[in-house]
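J.: What follows is a structure written as structure tokens; I'll ask about it next.
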Amino acid sequence: MENLSIGVFDSGVGGLTVLSELIKLLPNENFIYFGDIAHLPYGSKSSEAIKKFSFRNTAFLIEKGIKLLVVACNTSTAIALDYLKSIFNIPIIGVIEPAVEEALSFSFAKSIGVIGTKATVNSNKYKEIINSKNKNINVIQKATPLFVPLIEEGWINNKVMDIVIDQYLCELKNQVDVLILGCTHYPIIKRKIENYFEGKVKIVDSSQSTSRIVFNFLEKNNYFNNSNIRGNVKIYFSDDSGCFNLMEKLILNKNYGYEKIVIGDYTN
């Protein structure tokens with residue numbers, strides 16, 4: 001059981017930020033990543049569609065042999081995490097709770113901002129969890145859907161990105177102490193967001209928060225892979241995408257090997 005893989009899924013390539021952080025912390029673990037490129041973006045889909053795709057992603061990874069599942073998609077975590085836990089008999093960790101726990105750990109936090117896709121923001125999941133733990137914290141949520149296509153287009157250090165950041169985040173300036181990056185693409189522009197707030201706002205990167213929670217879970221339950229060699233990494237996609245090559249350069253460390261496999265639209 002301990003030597004089975006850790007499964008990770010996202011609607012596309014953004015979850016590679018989570019995978020990368022997991023590999024850094026757990027180099028001897030085996031990982032299987034699934035990016036459902038055929039059906040992205042999840043952020044604009046209905047709750048029913050998100051649950052359906054999340055179910056199929058999970059079933060696909062379980063068939064491959066995993067001991068734990070990481071839902072590396074904020075939208076799926078917000079909409080489908082409880083649904084998946086009610087169906088599958090496997091430990092499942094989402095990206096929202098770890099980010100909330102980290103945000104709340106900052107004692108000065110009186111107002112927490114959350115940015116993400118429309119579906120994540122509209123679900124109110126972040127606000128619900130934050131206020132269930134501390135009802136006195138003001139939560140300001142902002143949908144920032146243009147960040148993802150700009151990142152995947154490679155327009156990270158582009159003037160257009162600077163304009164979009166200002167348009168989306170200007171109302172959060174001087175309003176929040178902590179900002180949660182509620183989309184797994186957003187760590188790629190974390191430094192630009194930090195610079196926009198001039199270092200006055202603590203930025204919470206859910207990919208790092210989640211990887212630490214996974215490490216703690218494996219340690220607590222004695223689930224660590226007992227191998228002393230570097231683990232295998234397999235990356236599956238439900239469609240091919242040119243943006244993988246860009247995201248690969250931005251996220252994945254060339255010091256470890258991985259196998260990329262395109263399986264096609266698994267729903268057909």
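In the structure tokens, the first chain shown is A, the next is B, and so on; residue numbers restart at 1 for each chain, and ligands run from 1 in the order shown.
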Name all residues at most 10 Å from Ala59 (chain A) (count only C-alpha atoms; drop same-chain ones fewer than 6 positions away) and give them as a list in words.
T.: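 Those residues are Phe53, Leu84 and Phe88 of chain A.
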J.: Please write the residues from the selection above to a file, keeping C-alpha atoms, as a short mmCIF file (atom, residue, chain, number, x, y, z; two decimals), in the first residue's frame.
T.:
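What landed in part.cif:
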data_model
loop_
_atom_site.label_atom_id
_atom_site.label_comp_id
_atom_site.auth_asym_id
_atom_site.auth_seq_id
_atom_site.Cartn_x
_atom_site.Cartn_y
_atom_site.Cartn_z
CA PHE A 53 -15.59 15.16 -14.51
CA LEU A 84 -15.90 12.41 -3.98
CA PHE A 88 -14.53 6.68 -2.87
#
J.: Near Phe217 (chain A), counting only C-alpha atoms, which residues have an atom at most 12 Å away, once you skip same-chain residues fewer than 2 positions from it, shown as a count of residues only?
T.: 20
J.: For a test of reading the model, state the distance in Å between CA of Asp10 (chain A) and CA of Cys183 (chain A), rounded to one decimal.
T.: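 Between these atoms lies a distance of 10.4 Å.
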J.: Near Asn131 (chain A), within 12 Å and counting only C-alpha atoms, which residues show up once chain neighbours fewer than 6 positions away are dropped, as a ChimeraX atom specification?
T.: /A:100-101,104,110-112,124-125,137-140
J.: Just list as an MDAnalysis selection string whatever in region 25-162 of chain A DSSP marks as alpha helix (DSSP H).
T.: chainID A and resid 25 47:64 74:87 96:104 118:123 125:133 147:153 159:162
J.: Which residues are near Ser54 (chain A)? Cut-off 7 Å, only C-alpha atoms, ignore same chain within fewer than 3 positions. Put them as a PyMOL selection string.
T.: chain A and resi 50-51+57-58+76+80
J.: With N, CA, C and O atoms retained, could you export that selection as a PDB file, in the first residue's frame?
T.:
ATOM      1  N   ILE A  50     -18.968  19.585 -13.237  1.00  0.00           N
ATOM      2  CA  ILE A  50     -17.735  19.529 -12.440  1.00  0.00           C
ATOM      3  C   ILE A  50     -17.689  18.245 -11.618  1.00  0.00           C
ATOM      4  O   ILE A  50     -16.652  17.577 -11.532  1.00  0.00           O
ATOM      5  N   LYS A  51     -18.814  17.864 -11.027  1.00  0.00           N
ATOM      6  CA  LYS A  51     -18.869  16.618 -10.253  1.00  0.00           C
ATOM      7  C   LYS A  51     -18.648  15.407 -11.163  1.00  0.00           C
ATOM      8  O   LYS A  51     -17.943  14.468 -10.794  1.00  0.00           O
ATOM      9  N   ASN A  57     -12.234  11.567 -13.226  1.00  0.00           N
ATOM     10  CA  ASN A  57     -10.796  11.756 -12.984  1.00  0.00           C
ATOM     11  C   ASN A  57     -10.322  10.867 -11.842  1.00  0.00           C
ATOM     12  O   ASN A  57      -9.267  10.226 -11.911  1.00  0.00           O
ATOM     13  N   THR A  58     -11.115  10.858 -10.764  1.00  0.00           N
ATOM     14  CA  THR A  58     -10.771  10.057  -9.590  1.00  0.00           C
ATOM     15  C   THR A  58     -10.767   8.573  -9.920  1.00  0.00           C
ATOM     16  O   THR A  58      -9.839   7.838  -9.548  1.00  0.00           O
ATOM     17  N   SER A  76     -12.867  22.076  -8.494  1.00  0.00           N
ATOM     18  CA  SER A  76     -13.300  20.730  -8.112  1.00  0.00           C
ATOM     19  C   SER A  76     -13.342  20.571  -6.599  1.00  0.00           C
ATOM     20  O   SER A  76     -14.240  19.920  -6.060  1.00  0.00           O
ATOM     21  N   ALA A  80     -16.846  19.598  -5.680  1.00  0.00           N
ATOM     22  CA  ALA A  80     -16.976  18.142  -5.718  1.00  0.00           C
ATOM     23  C   ALA A  80     -16.240  17.375  -4.625  1.00  0.00           C
ATOM     24  O   ALA A  80     -16.379  16.149  -4.552  1.00  0.00           O
TER      25      ALA A  80
END
J.: Which one is closest to Ser20 (chain A): A:Ala143, A:Ile62, A:Ile180, A:Val8? Count only C-alpha atoms.
T.: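 Closest candidate: A:Val8.
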J.: To test your reading of the structure, identify every residue in region 54-158 of chain A that backbone DSSP assigns to strand (DSSP E or B), and report it as a list in words.
T.: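 Those in region 54-158 of chain A that DSSP calls strand (DSSP E or B) are Ile66, Lys67, Leu68, Leu69, Val70, Val71, Ile92, Ile93, Gly94, Ser111, Ile112, Gly113, Val114, Ile115, Gly116, Asn138, Val139, Ile140, Gln141, Lys142 and Ala143 of chain A.
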J.: List the spatial neighbours of Gly199 (chain A) as a PDB file with C-alpha atoms, in the first residue's frame - criterion: any atom at most 12 Å away, only C-alpha atoms, same-chain residues fewer than 3 positions off excluded.
T.:
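Saved the output as selection-v5.pdb:
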ATOM      1  CA  LYS A 173      -5.486  47.258  -1.931  1.00  0.00           C
ATOM      2  CA  ASN A 174      -5.555  48.505   1.663  1.00  0.00           C
ATOM      3  CA  ASP A 177      -3.990  41.545   5.170  1.00  0.00           C
ATOM      4  CA  VAL A 178      -3.750  38.143   3.506  1.00  0.00           C
ATOM      5  CA  LEU A 179      -4.551  37.044  -0.048  1.00  0.00           C
ATOM      6  CA  LYS A 190       2.762  35.098  -7.265  1.00  0.00           C
ATOM      7  CA  ARG A 191       5.764  37.428  -7.390  1.00  0.00           C
ATOM      8  CA  LYS A 192       3.932  39.915  -9.614  1.00  0.00           C
ATOM      9  CA  ILE A 193       1.007  39.950  -7.184  1.00  0.00           C
ATOM     10  CA  GLU A 194       3.363  40.398  -4.218  1.00  0.00           C
ATOM     11  CA  ASN A 195       5.003  43.319  -6.001  1.00  0.00           C
ATOM     12  CA  TYR A 196       1.609  44.842  -6.806  1.00  0.00           C
ATOM     13  CA  LYS A 202       0.819  38.046   2.851  1.00  0.00           C
ATOM     14  CA  ILE A 203       0.239  35.832  -0.193  1.00  0.00           C
TER      15      ILE A 203
END
